[in-house]
file query-v1.cif (mmCIF, C-alpha atoms; chains and numbers go by the auth columns)
data_work
#
loop_
_atom_site.group_PDB
_atom_site.id
_atom_site.type_symbol
_atom_site.label_atom_id
_atom_site.label_comp_id
_atom_site.label_asym_id
_atom_site.label_seq_id
_atom_site.Cartn_x
_atom_site.Cartn_y
_atom_site.Cartn_z
_atom_site.B_iso_or_equiv
_atom_site.auth_seq_id
_atom_site.auth_asym_id
ATOM 1 C CA MET A 1 113.228 205.422 74.209 0.00 1 W
ATOM 2 C CA PRO A 2 111.685 202.448 72.359 0.00 2 W
ATOM 3 C CA LYS A 3 112.749 198.981 73.473 0.00 3 W
ATOM 4 C CA ILE A 4 113.531 195.920 71.335 0.00 4 W
ATOM 5 C CA ASN A 5 113.636 192.461 72.888 0.00 5 W
ATOM 6 C CA VAL A 6 116.694 190.381 72.034 0.00 6 W
ATOM 7 C CA TYR A 7 116.432 186.642 72.654 0.00 7 W
ATOM 8 C CA LEU A 8 119.590 184.609 73.245 0.00 8 W
ATOM 9 C CA SER A 9 120.197 180.905 73.668 0.00 9 W
ATOM 10 C CA ASP A 10 120.879 179.750 77.227 0.00 10 W
ATOM 11 C CA GLU A 11 124.535 179.095 76.392 0.00 11 W
ATOM 12 C CA LEU A 12 125.056 182.495 74.774 0.00 12 W
ATOM 13 C CA ALA A 13 123.212 184.326 77.550 0.00 13 W
ATOM 14 C CA ALA A 14 125.412 182.639 80.156 0.00 14 W
ATOM 15 C CA ALA A 15 128.573 183.480 78.195 0.00 15 W
ATOM 16 C CA VAL A 16 127.512 187.130 77.802 0.00 16 W
ATOM 17 C CA LYS A 17 126.776 187.383 81.521 0.00 17 W
ATOM 18 C CA GLU A 18 130.075 185.750 82.470 0.00 18 W
ATOM 19 C CA ALA A 19 132.033 188.055 80.161 0.00 19 W
ATOM 20 C CA GLY A 20 130.237 191.122 81.497 0.00 20 W
ATOM 21 C CA ILE A 21 129.328 192.331 78.012 0.00 21 W
ATOM 22 C CA PRO A 22 127.044 195.418 78.003 0.00 22 W
ATOM 23 C CA VAL A 23 124.224 194.065 75.831 0.00 23 W
ATOM 24 C CA SER A 24 122.413 197.312 75.094 0.00 24 W
ATOM 25 C CA PRO A 25 125.380 199.298 73.658 0.00 25 W
ATOM 26 C CA VAL A 26 126.588 196.272 71.679 0.00 26 W
ATOM 27 C CA CYS A 27 123.136 195.694 70.165 0.00 27 W
ATOM 28 C CA GLN A 28 122.721 199.389 69.382 0.00 28 W
ATOM 29 C CA HIS A 29 126.053 199.455 67.567 0.00 29 W
ATOM 30 C CA ALA A 30 125.232 196.270 65.643 0.00 30 W
ATOM 31 C CA LEU A 31 121.875 197.675 64.579 0.00 31 W
ATOM 32 C CA GLU A 32 123.426 200.974 63.505 0.00 32 W
ATOM 33 C CA VAL A 33 125.920 199.083 61.318 0.00 33 W
ATOM 34 C CA ALA A 34 123.138 196.906 59.889 0.00 34 W
ATOM 35 C CA VAL A 35 120.978 199.931 59.082 0.00 35 W
ATOM 36 C CA ARG A 36 123.863 201.570 57.198 0.00 36 W
ATOM 37 C CA LYS A 37 124.557 198.386 55.257 0.00 37 W
ATOM 38 C CA VAL A 38 120.898 197.897 54.332 0.00 38 W
ATOM 39 C CA ALA A 39 120.540 201.539 53.284 0.00 39 W
ATOM 40 C CA ALA A 40 123.640 201.263 51.094 0.00 40 W
ATOM 41 C CA ALA A 41 122.392 197.989 49.646 0.00 41 W
ATOM 42 C CA ARG A 42 119.003 199.442 48.791 0.00 42 W
ATOM 43 C CA GLU A 43 120.636 202.424 47.133 0.00 43 W
ATOM 44 C CA MET A 44 122.794 200.103 45.072 0.00 44 W
ATOM 45 C CA ALA A 45 119.867 197.794 44.286 0.00 45 W
ATOM 46 C CA GLU A 46 118.101 200.663 42.545 0.00 46 W
ATOM 47 C CA LYS A 47 121.017 200.887 40.093 0.00 47 W
ATOM 48 C CA VAL A 48 121.541 197.277 39.092 0.00 48 W
ATOM 49 C CA ASP A 49 119.027 196.981 36.268 0.00 49 W
ATOM 50 C CA PHE A 50 120.711 199.509 33.979 0.00 50 W
ATOM 51 C CA LEU A 51 124.183 199.099 32.495 0.00 51 W
ATOM 52 C CA ASP A 52 126.313 201.884 31.115 0.00 52 W
ATOM 53 C CA GLU A 53 127.448 200.599 27.732 0.00 53 W
ATOM 54 C CA ASP A 54 130.985 201.955 28.113 0.00 54 W
ATOM 55 C CA ASN A 55 131.409 201.003 31.773 0.00 55 W
ATOM 56 C CA PRO A 56 128.929 198.236 32.671 0.00 56 W
ATOM 57 C CA MET A 57 130.072 198.001 36.276 0.00 57 W
ATOM 58 C CA GLY A 58 130.204 201.737 36.897 0.00 58 W
ATOM 59 C CA ARG A 59 126.895 201.776 38.767 0.00 59 W
ATOM 60 C CA LEU A 60 127.702 198.780 40.949 0.00 60 W
ATOM 61 C CA THR A 61 129.622 199.355 44.181 0.00 61 W
ATOM 62 C CA ASN A 62 131.017 197.137 46.942 0.00 62 W
ATOM 63 C CA LEU A 63 131.973 194.399 44.488 0.00 63 W
ATOM 64 C CA THR A 64 135.209 192.529 45.080 0.00 64 W
ATOM 65 C CA GLU A 65 137.687 192.593 42.215 0.00 65 W
ATOM 66 C CA LYS A 66 136.808 189.026 41.225 0.00 66 W
ATOM 67 C CA ALA A 67 133.051 189.661 41.376 0.00 67 W
ATOM 68 C CA HIS A 68 133.581 192.788 39.276 0.00 68 W
ATOM 69 C CA ARG A 69 135.505 190.737 36.710 0.00 69 W
ATOM 70 C CA ALA A 70 132.907 187.948 36.784 0.00 70 W
ATOM 71 C CA ILE A 71 130.020 190.269 35.971 0.00 71 W
ATOM 72 C CA GLY A 72 132.117 192.005 33.332 0.00 72 W
ATOM 73 C CA GLU A 73 132.871 188.622 31.747 0.00 73 W
ATOM 74 C CA GLY A 74 129.156 187.817 31.769 0.00 74 W
ATOM 75 C CA VAL A 75 128.423 191.087 29.984 0.00 75 W
ATOM 76 C CA ARG A 76 131.141 190.320 27.422 0.00 76 W
ATOM 77 C CA LEU A 77 129.725 186.866 26.709 0.00 77 W
ATOM 78 C CA ALA A 78 126.193 188.215 26.376 0.00 78 W
ATOM 79 C CA ARG A 79 127.422 190.778 23.844 0.00 79 W
ATOM 80 C CA GLU A 80 129.346 188.058 22.031 0.00 80 W
ATOM 81 C CA HIS A 81 126.122 186.055 21.749 0.00 81 W
ATOM 82 C CA GLY A 82 124.242 189.102 20.474 0.00 82 W
ATOM 83 C CA GLN A 83 121.886 189.358 23.444 0.00 83 W
ATOM 84 C CA GLU A 84 119.889 192.456 24.360 0.00 84 W
ATOM 85 C CA ARG A 85 119.957 191.649 28.069 0.00 85 W
ATOM 86 C CA VAL A 86 122.341 189.847 30.399 0.00 86 W
ATOM 87 C CA GLY A 87 120.617 186.691 31.643 0.00 87 W
ATOM 88 C CA THR A 88 121.547 184.677 34.722 0.00 88 W
ATOM 89 C CA GLU A 89 123.266 182.137 32.486 0.00 89 W
ATOM 90 C CA TYR A 90 125.818 184.804 31.561 0.00 90 W
ATOM 91 C CA LEU A 91 126.309 185.843 35.186 0.00 91 W
ATOM 92 C CA LEU A 92 127.014 182.199 36.011 0.00 92 W
ATOM 93 C CA ALA A 93 129.363 181.862 33.034 0.00 93 W
ATOM 94 C CA GLY A 94 131.245 184.888 34.308 0.00 94 W
ATOM 95 C CA VAL A 95 131.611 183.455 37.813 0.00 95 W
ATOM 96 C CA LEU A 96 132.802 180.130 36.403 0.00 96 W
ATOM 97 C CA GLY A 97 135.215 181.779 34.013 0.00 97 W
ATOM 98 C CA VAL A 98 137.114 184.111 36.329 0.00 98 W
ATOM 99 C CA GLY A 99 140.151 182.435 37.864 0.00 99 W
ATOM 100 C CA ASP A 100 140.143 180.944 41.329 0.00 100 W
ATOM 101 C CA ASN A 101 137.379 182.501 43.396 0.00 101 W
ATOM 102 C CA MET A 102 135.467 181.484 46.508 0.00 102 W
ATOM 103 C CA ALA A 103 132.438 180.317 44.524 0.00 103 W
ATOM 104 C CA LEU A 104 134.573 177.787 42.635 0.00 104 W
ATOM 105 C CA ASN A 105 136.081 176.559 45.900 0.00 105 W
ATOM 106 C CA VAL A 106 132.595 176.116 47.344 0.00 106 W
ATOM 107 C CA LEU A 107 131.512 174.019 44.356 0.00 107 W
ATOM 108 C CA ARG A 108 134.643 171.885 44.512 0.00 108 W
ATOM 109 C CA SER A 109 134.097 171.293 48.238 0.00 109 W
ATOM 110 C CA MET A 110 130.739 169.770 47.240 0.00 110 W
ATOM 111 C CA ASP A 111 132.435 167.525 44.645 0.00 111 W
ATOM 112 C CA ILE A 112 130.997 169.636 41.830 0.00 112 W
ATOM 113 C CA GLN A 113 133.593 170.446 39.194 0.00 113 W
ATOM 114 C CA PRO A 114 133.246 174.025 37.892 0.00 114 W
ATOM 115 C CA ASP A 115 134.583 172.982 34.473 0.00 115 W
ATOM 116 C CA ASP A 116 131.779 170.420 34.123 0.00 116 W
ATOM 117 C CA VAL A 117 129.172 173.042 35.028 0.00 117 W
ATOM 118 C CA ARG A 118 130.713 175.515 32.577 0.00 118 W
ATOM 119 C CA ASP A 119 130.816 172.945 29.740 0.00 119 W
ATOM 120 C CA ASP A 120 127.148 172.116 30.313 0.00 120 W
ATOM 121 C CA LEU A 121 126.224 175.792 30.473 0.00 121 W
ATOM 122 C CA MET A 122 128.099 176.726 27.301 0.00 122 W
ATOM 123 C CA ALA A 123 126.505 173.794 25.451 0.00 123 W
ATOM 124 C CA ARG A 124 123.068 175.102 26.420 0.00 124 W
ATOM 125 C CA LEU A 125 123.985 178.638 25.394 0.00 125 W
ATOM 126 C CA SER A 126 125.085 177.457 21.966 0.00 126 W
ATOM 127 C CA THR A 127 121.556 176.120 21.332 0.00 127 W
ATOM 128 C CA GLU A 128 119.811 179.377 22.271 0.00 128 W
ATOM 129 C CA PRO A 129 118.729 181.730 19.492 0.00 129 W
ATOM 130 C CA ALA A 130 120.827 184.905 19.439 0.00 130 W
ATOM 131 C CA LEU A 131 120.417 188.328 17.877 0.00 131 W
ATOM 132 C CA GLU A 132 122.848 189.561 15.310 0.00 132 W
ATOM 133 C CA PRO A 133 125.637 191.366 17.235 0.00 133 W
ATOM 134 C CA GLU A 134 124.874 194.695 15.561 0.00 134 W
ATOM 135 C CA GLU A 135 121.281 194.463 16.825 0.00 135 W
ATOM 136 C CA SER A 136 122.353 194.153 20.444 0.00 136 W
ATOM 137 C CA SER A 137 122.553 197.371 22.469 0.00 137 W
ATOM 138 C CA LEU A 138 122.888 195.470 25.782 0.00 138 W
ATOM 139 C CA LYS A 139 122.052 198.292 28.171 0.00 139 W
ATOM 140 C CA HIS A 140 120.037 196.269 30.660 0.00 140 W
ATOM 141 C CA LEU A 141 120.308 193.217 32.822 0.00 141 W
ATOM 142 C CA GLY A 142 117.558 190.682 32.363 0.00 142 W
ATOM 143 C CA PRO A 143 114.934 190.851 35.137 0.00 143 W
ATOM 144 C CA GLU A 144 116.208 187.574 36.603 0.00 144 W
ATOM 145 C CA SER A 145 119.785 188.873 36.671 0.00 145 W
ATOM 146 C CA ALA A 146 118.745 192.115 38.345 0.00 146 W
ATOM 147 C CA ALA A 147 116.929 190.045 40.971 0.00 147 W
ATOM 148 C CA VAL A 148 120.022 187.850 41.433 0.00 148 W
ATOM 149 C CA LEU A 149 122.276 190.855 42.065 0.00 149 W
ATOM 150 C CA LYS A 150 119.795 192.266 44.554 0.00 150 W
ATOM 151 C CA GLN A 151 119.636 188.891 46.303 0.00 151 W
ATOM 152 C CA ALA A 152 123.442 188.750 46.365 0.00 152 W
ATOM 153 C CA LEU A 153 123.309 192.034 48.293 0.00 153 W
ATOM 154 C CA ASN A 154 120.856 190.535 50.766 0.00 154 W
ATOM 155 C CA ASP A 155 123.017 187.427 51.165 0.00 155 W
ATOM 156 C CA ALA A 156 126.085 189.569 51.812 0.00 156 W
ATOM 157 C CA ILE A 157 124.228 191.578 54.448 0.00 157 W
ATOM 158 C CA GLY A 158 122.863 188.392 56.006 0.00 158 W
ATOM 159 C CA LEU A 159 126.407 187.082 56.384 0.00 159 W
ATOM 160 C CA GLY A 160 127.542 190.371 57.918 0.00 160 W
ATOM 161 C CA HIS A 161 129.701 191.372 54.951 0.00 161 W
ATOM 162 C CA ASN A 162 130.220 194.859 53.541 0.00 162 W
ATOM 163 C CA TYR A 163 131.253 193.526 50.128 0.00 163 W
ATOM 164 C CA ILE A 164 129.762 191.363 47.376 0.00 164 W
ATOM 165 C CA GLY A 165 131.941 188.502 46.225 0.00 165 W
ATOM 166 C CA CYS A 166 131.557 185.609 43.829 0.00 166 W
ATOM 167 C CA GLU A 167 130.325 183.462 46.722 0.00 167 W
ATOM 168 C CA HIS A 168 127.356 185.816 47.205 0.00 168 W
ATOM 169 C CA LEU A 169 126.628 185.689 43.481 0.00 169 W
ATOM 170 C CA LEU A 170 126.673 181.881 43.690 0.00 170 W
ATOM 171 C CA LEU A 171 124.244 181.878 46.619 0.00 171 W
ATOM 172 C CA ALA A 172 121.852 184.136 44.729 0.00 172 W
ATOM 173 C CA LEU A 173 122.175 182.236 41.445 0.00 173 W
ATOM 174 C CA VAL A 174 121.517 178.819 42.939 0.00 174 W
ATOM 175 C CA ALA A 175 118.407 180.121 44.724 0.00 175 W
ATOM 176 C CA ASP A 176 116.971 181.715 41.577 0.00 176 W
ATOM 177 C CA THR A 177 114.191 179.615 40.067 0.00 177 W
ATOM 178 C CA ASP A 178 113.467 181.754 37.011 0.00 178 W
ATOM 179 C CA GLY A 179 116.750 181.843 35.098 0.00 179 W
ATOM 180 C CA LEU A 180 118.911 179.279 33.339 0.00 180 W
ATOM 181 C CA GLY A 181 121.886 179.894 35.640 0.00 181 W
ATOM 182 C CA GLY A 182 120.175 178.443 38.697 0.00 182 W
ATOM 183 C CA GLU A 183 118.714 175.595 36.664 0.00 183 W
ATOM 184 C CA VAL A 184 122.155 174.509 35.469 0.00 184 W
ATOM 185 C CA LEU A 185 123.665 174.705 38.961 0.00 185 W
ATOM 186 C CA ARG A 186 120.901 172.630 40.510 0.00 186 W
ATOM 187 C CA SER A 187 121.163 170.024 37.751 0.00 187 W
ATOM 188 C CA HIS A 188 124.714 169.384 38.989 0.00 188 W
ATOM 189 C CA GLY A 189 123.607 168.927 42.606 0.00 189 W
ATOM 190 C CA ALA A 190 124.113 172.489 43.871 0.00 190 W
ATOM 191 C CA GLU A 191 121.011 172.778 46.029 0.00 191 W
ATOM 192 C CA PRO A 192 120.493 176.138 47.801 0.00 192 W
ATOM 193 C CA ARG A 193 120.652 174.801 51.365 0.00 193 W
ATOM 194 C CA LEU A 194 123.787 172.754 50.715 0.00 194 W
ATOM 195 C CA VAL A 195 125.493 175.636 48.917 0.00 195 W
ATOM 196 C CA ARG A 196 124.752 177.950 51.837 0.00 196 W
ATOM 197 C CA ARG A 197 126.220 175.480 54.320 0.00 197 W
ATOM 198 C CA ALA A 198 129.280 174.974 52.127 0.00 198 W
ATOM 199 C CA THR A 199 129.736 178.735 51.728 0.00 199 W
ATOM 200 C CA GLN A 200 129.554 179.358 55.465 0.00 200 W
ATOM 201 C CA ALA A 201 132.060 176.560 56.045 0.00 201 W
ATOM 202 C CA ALA A 202 134.360 177.891 53.327 0.00 202 W
ATOM 203 C CA LEU A 203 134.291 181.422 54.731 0.00 203 W
ATOM 204 C CA SER A 204 134.952 180.083 58.214 0.00 204 W
ATOM 205 C CA GLY A 205 137.916 178.063 56.957 0.00 205 W
ATOM 206 C CA PHE A 206 139.282 181.022 55.012 0.00 206 W
ATOM 207 C CA SER A 207 139.089 183.318 58.040 0.00 207 W
ATOM 208 C CA TYR A 208 140.873 180.752 60.189 0.00 208 W
ATOM 209 C CA ALA A 209 143.616 180.191 57.601 0.00 209 W
ATOM 210 C CA ARG A 210 144.135 183.927 57.243 0.00 210 W
ATOM 211 C CA SER A 211 144.550 184.253 60.992 0.00 211 W
ATOM 212 C CA GLN A 212 147.252 181.566 60.929 0.00 212 W
ATOM 213 C CA GLY A 213 149.469 183.411 58.447 0.00 213 W
ATOM 214 C CA PRO A 214 150.739 182.819 54.908 0.00 214 W
ATOM 215 C CA VAL A 215 151.893 179.215 55.386 0.00 215 W
ATOM 216 C CA ALA A 216 148.457 178.039 56.457 0.00 216 W
ATOM 217 C CA GLN A 217 146.840 179.920 53.590 0.00 217 W
ATOM 218 C CA GLN A 218 148.964 177.941 51.147 0.00 218 W
ATOM 219 C CA ALA A 219 147.533 174.630 52.371 0.00 219 W
ATOM 220 C CA THR A 220 145.326 172.669 50.001 0.00 220 W
ATOM 221 C CA GLY A 221 142.196 174.814 49.866 0.00 221 W
ATOM 222 C CA THR A 222 139.626 172.245 48.721 0.00 222 W
ATOM 223 C CA GLU A 223 140.611 169.658 51.336 0.00 223 W
ATOM 224 C CA ARG A 224 140.479 172.278 54.076 0.00 224 W
ATOM 225 C CA LEU A 225 137.042 173.402 52.920 0.00 225 W
ATOM 226 C CA ARG A 226 135.747 169.838 52.869 0.00 226 W
ATOM 227 C CA ALA A 227 136.990 169.199 56.395 0.00 227 W
ATOM 228 C CA THR A 228 135.473 172.455 57.623 0.00 228 W
ATOM 229 C CA LEU A 229 132.203 171.700 55.836 0.00 229 W
ATOM 230 C CA VAL A 230 131.933 168.290 57.512 0.00 230 W
ATOM 231 C CA SER A 231 132.536 169.861 60.934 0.00 231 W
ATOM 232 C CA PHE A 232 130.057 172.665 60.263 0.00 232 W
ATOM 233 C CA GLY A 233 127.456 170.237 58.937 0.00 233 W
ATOM 234 C CA GLU A 234 127.770 168.004 61.995 0.00 234 W
ATOM 235 C CA ARG A 235 127.262 170.994 64.292 0.00 235 W
ATOM 236 C CA LEU A 236 124.230 172.123 62.297 0.00 236 W
ATOM 237 C CA ASP A 237 122.737 168.615 62.375 0.00 237 W
ATOM 238 C CA ARG A 238 123.103 168.546 66.171 0.00 238 W
ATOM 239 C CA ILE A 239 121.368 171.919 66.466 0.00 239 W
ATOM 240 C CA GLU A 240 118.539 170.817 64.170 0.00 240 W
ATOM 241 C CA ALA A 241 118.123 167.593 66.145 0.00 241 W
ATOM 242 C CA ARG A 242 117.945 169.580 69.380 0.00 242 W
ATOM 243 C CA LEU A 243 115.366 171.972 67.946 0.00 243 W
ATOM 244 C CA GLY A 244 113.331 169.064 66.659 0.00 244 W
ATOM 245 C CA SER A 245 113.181 167.575 70.162 0.00 245 W
ATOM 246 C CA LEU A 246 111.709 170.746 71.688 0.00 246 W
ATOM 247 C CA PRO A 247 107.978 170.732 72.554 0.00 247 W
ATOM 248 C CA ASP A 248 105.713 172.512 70.077 0.00 248 W
ATOM 249 C CA GLY A 249 105.535 176.255 70.661 0.00 249 W
ATOM 250 C CA ASN A 250 109.124 176.564 71.964 0.00 250 W
#
call {"tool": "encode", "arguments": {"input": "query-v1.cif", "output": "structure tokens"}}
result
Amino acid sequence: MPKINVYLSDELAAAVKEAGIPVSPVCQHALEVAVRKVAAAREMAEKVDFLDEDNPMGRLTNLTEKAHRAIGEGVRLAREHGQERVGTEYLLAGVLGVGDNMALNVLRSMDIQPDDVRDDLMARLSTEPALEPEESSLKHLGPESAAVLKQALNDAIGLGHNYIGCEHLLLALVADTDGLGGEVLRSHGAEPRLVRRATQAALSGFSYARSQGPVAQQATGTERLRATLVSFGERLDRIEARLGSLPDGN
């Protein structure tokens, strides 16, 4: 049977040994789950560049309700502007325009107001040339948007999630360097590394609040995310400082 080496930090290795965790079965199970997720993601990724005109989201699976609505809103806006393809600017407009979702909470935790981003985005859209509505068949995503949705899948898998939410769309949009959506986000200070840290902190805070019951979940979300982000950032800075002090080659 082939072997795969798994390297753990000293602290984690000691904790695993102390807890008596059977490493091999746990790793095998984790890899089996990861393989299934990646296979499902690849299957879905092959479908994201074509939209059914009557049911644009019909070919996309594993989307949360809010992500589903966000993409649908982006498609609606693109049609309204007479576009042949859905660009990343319309995906971003959809995320910004659909109620209270995790992506908006992440932006607010970074002191970026979603309404300001949306106003800027819509102002830029109004200056773009558009087709006459009757000329627009809108059956395809733009190549940048297809790449963003595929990257959102990868981000979801990387975070260990079996769903694609607005937060994954935000991560993919802010990292995209070809479309207008990412350009607008970065112009407001949403840099990829900071957004990823804020997203991880937000998800951590959400999971903790959910474990504490309904009362905790009703606490002020943005303040909780900011506090969690500061704590997460401090831990990450300590790790980076420790790695930076290691001799070359370690």
call {"tool": "closest_atom_pairs", "arguments": {"input": "query-v1.cif", "of": "range 86-179 of chain W", "to": "range 59-79 of chain W", "cutoff": "6 Å", "atoms": "all atoms listed in the file", "output": "JSON lines"}}
result
{"residue": "W:Val86", "atom": "CA", "partner": "W:Ala78", "partner_atom": "CA", "distance": 5.8}
{"residue": "W:Tyr90", "atom": "CA", "partner": "W:Gly74", "partner_atom": "CA", "distance": 4.5}
{"residue": "W:Leu91", "atom": "CA", "partner": "W:Gly74", "partner_atom": "CA", "distance": 4.9}
{"residue": "W:Gly94", "atom": "CA", "partner": "W:Ala70", "partner_atom": "CA", "distance": 4.3}
{"residue": "W:Val95", "atom": "CA", "partner": "W:Ala70", "partner_atom": "CA", "distance": 4.8}
{"residue": "W:Val98", "atom": "CA", "partner": "W:Ala70", "partner_atom": "CA", "distance": 5.7}
{"residue": "W:Tyr163", "atom": "CA", "partner": "W:Asn62", "partner_atom": "CA", "distance": 4.8}
{"residue": "W:Ile164", "atom": "CA", "partner": "W:Leu63", "partner_atom": "CA", "distance": 4.7}
{"residue": "W:Gly165", "atom": "CA", "partner": "W:Ala67", "partner_atom": "CA", "distance": 5.1}
{"residue": "W:Cys166", "atom": "CA", "partner": "W:Ala67", "partner_atom": "CA", "distance": 5.0}
call {"tool": "write_last_selection", "arguments": {"input": "query-v1.cif", "atoms": "C-alpha atoms", "output": "mmCIF file, in the frame of the given file"}}
result
data_model
loop_
_atom_site.group_PDB
_atom_site.id
_atom_site.type_symbol
_atom_site.label_atom_id
_atom_site.label_comp_id
_atom_site.auth_asym_id
_atom_site.auth_seq_id
_atom_site.Cartn_x
_atom_site.Cartn_y
_atom_site.Cartn_z
ATOM 1 C CA VAL W 86 122.341 189.847 30.399
ATOM 2 C CA TYR W 90 125.818 184.804 31.561
ATOM 3 C CA LEU W 91 126.309 185.843 35.186
ATOM 4 C CA GLY W 94 131.245 184.888 34.308
ATOM 5 C CA VAL W 95 131.611 183.455 37.813
ATOM 6 C CA VAL W 98 137.114 184.111 36.329
ATOM 7 C CA TYR W 163 131.253 193.526 50.128
ATOM 8 C CA ILE W 164 129.762 191.363 47.376
ATOM 9 C CA GLY W 165 131.941 188.502 46.225
ATOM 10 C CA CYS W 166 131.557 185.609 43.829
#
call {"tool": "atom_distance", "arguments": {"input": "query-v1.cif", "atom1": "CA of Ser145 in chain W", "atom2": "CA of Val35 in chain W"}}
result
25.0 Å
call {"tool": "residues_around", "arguments": {"input": "query-v1.cif", "residues": "Cys27 in chain W", "least_positions_apart": "5", "cutoff": "9 Å", "atoms": "only C-alpha atoms", "output": "number ranges by chain"}}
result
W: 6, 22, 32
call {"tool": "resolve_selection", "arguments": {"input": "query-v1.cif", "expression": "the PyMOL selection byres ((chain W and resi 115-123) around 10)", "output": "list in words"}}
result
Glu89, Tyr90, Leu92, Ala93, Gly94, Val95, Leu96, Gly97, Leu104, Leu107, Ile112, Gln113, Pro114, Arg124, Leu125, Ser126, Thr127, Glu128, Leu180, Gly181, Glu183, Val184, Leu185, Arg186, Ser187 and His188 of chain W
call {"tool": "atom_distance", "arguments": {"input": "query-v1.cif", "atom1": "CA of Ala202 in chain W", "atom2": "CA of Gln151 in chain W"}}
result
19.7 Å
call {"tool": "atom_distance", "arguments": {"input": "query-v1.cif", "atom1": "CA of His168 in chain W", "atom2": "CA of Val26 in chain W"}}
result
26.6 Å
call {"tool": "closest_residue", "arguments": {"input": "query-v1.cif", "among": "W:Asn105, W:Gly82, W:Tyr7, W:Gly99", "to": "Gln200 in chain W", "atoms": "only C-alpha atoms"}}
result
W:Asn105
call {"tool": "closest_residue", "arguments": {"input": "query-v1.cif", "among": "W:Lys3, W:Ser9, W:Arg197, W:Ser109", "to": "Gln28 in chain W", "atoms": "all atoms listed in the file"}}
result
W:Lys3
call {"tool": "resolve_selection", "arguments": {"input": "query-v1.cif", "expression": "the PyMOL selection byres ((chain W and resi 149) around 8)", "output": "list in words"}}
result
Ala45, Val48, Ser145, Ala146, Ala147, Val148, Lys150, Gln151, Ala152, Leu153, Leu169 and Ala172 of chain W
call {"tool": "write_last_selection", "arguments": {"input": "query-v1.cif", "atoms": "C-alpha atoms", "output": "compact mmCIF listing (two decimals), in the coordinates of the input"}}
result
# COMPACT_ATOMS: atom_id res chain seq x y z
CA ALA W 45 119.87 197.79 44.29
CA VAL W 48 121.54 197.28 39.09
CA SER W 145 119.78 188.87 36.67
CA ALA W 146 118.74 192.12 38.34
CA ALA W 147 116.93 190.04 40.97
CA VAL W 148 120.02 187.85 41.43
CA LYS W 150 119.80 192.27 44.55
CA GLN W 151 119.64 188.89 46.30
CA ALA W 152 123.44 188.75 46.36
CA LEU W 153 123.31 192.03 48.29
CA LEU W 169 126.63 185.69 43.48
CA ALA W 172 121.85 184.14 44.73
call {"tool": "residues_around", "arguments": {"input": "query-v1.cif", "residues": "Ala175 in chain W", "least_positions_apart": "4", "cutoff": "7 Å", "atoms": "only C-alpha atoms", "output": "list of chain:residue names"}}
result
W:Leu171, W:Gly182, W:Pro192
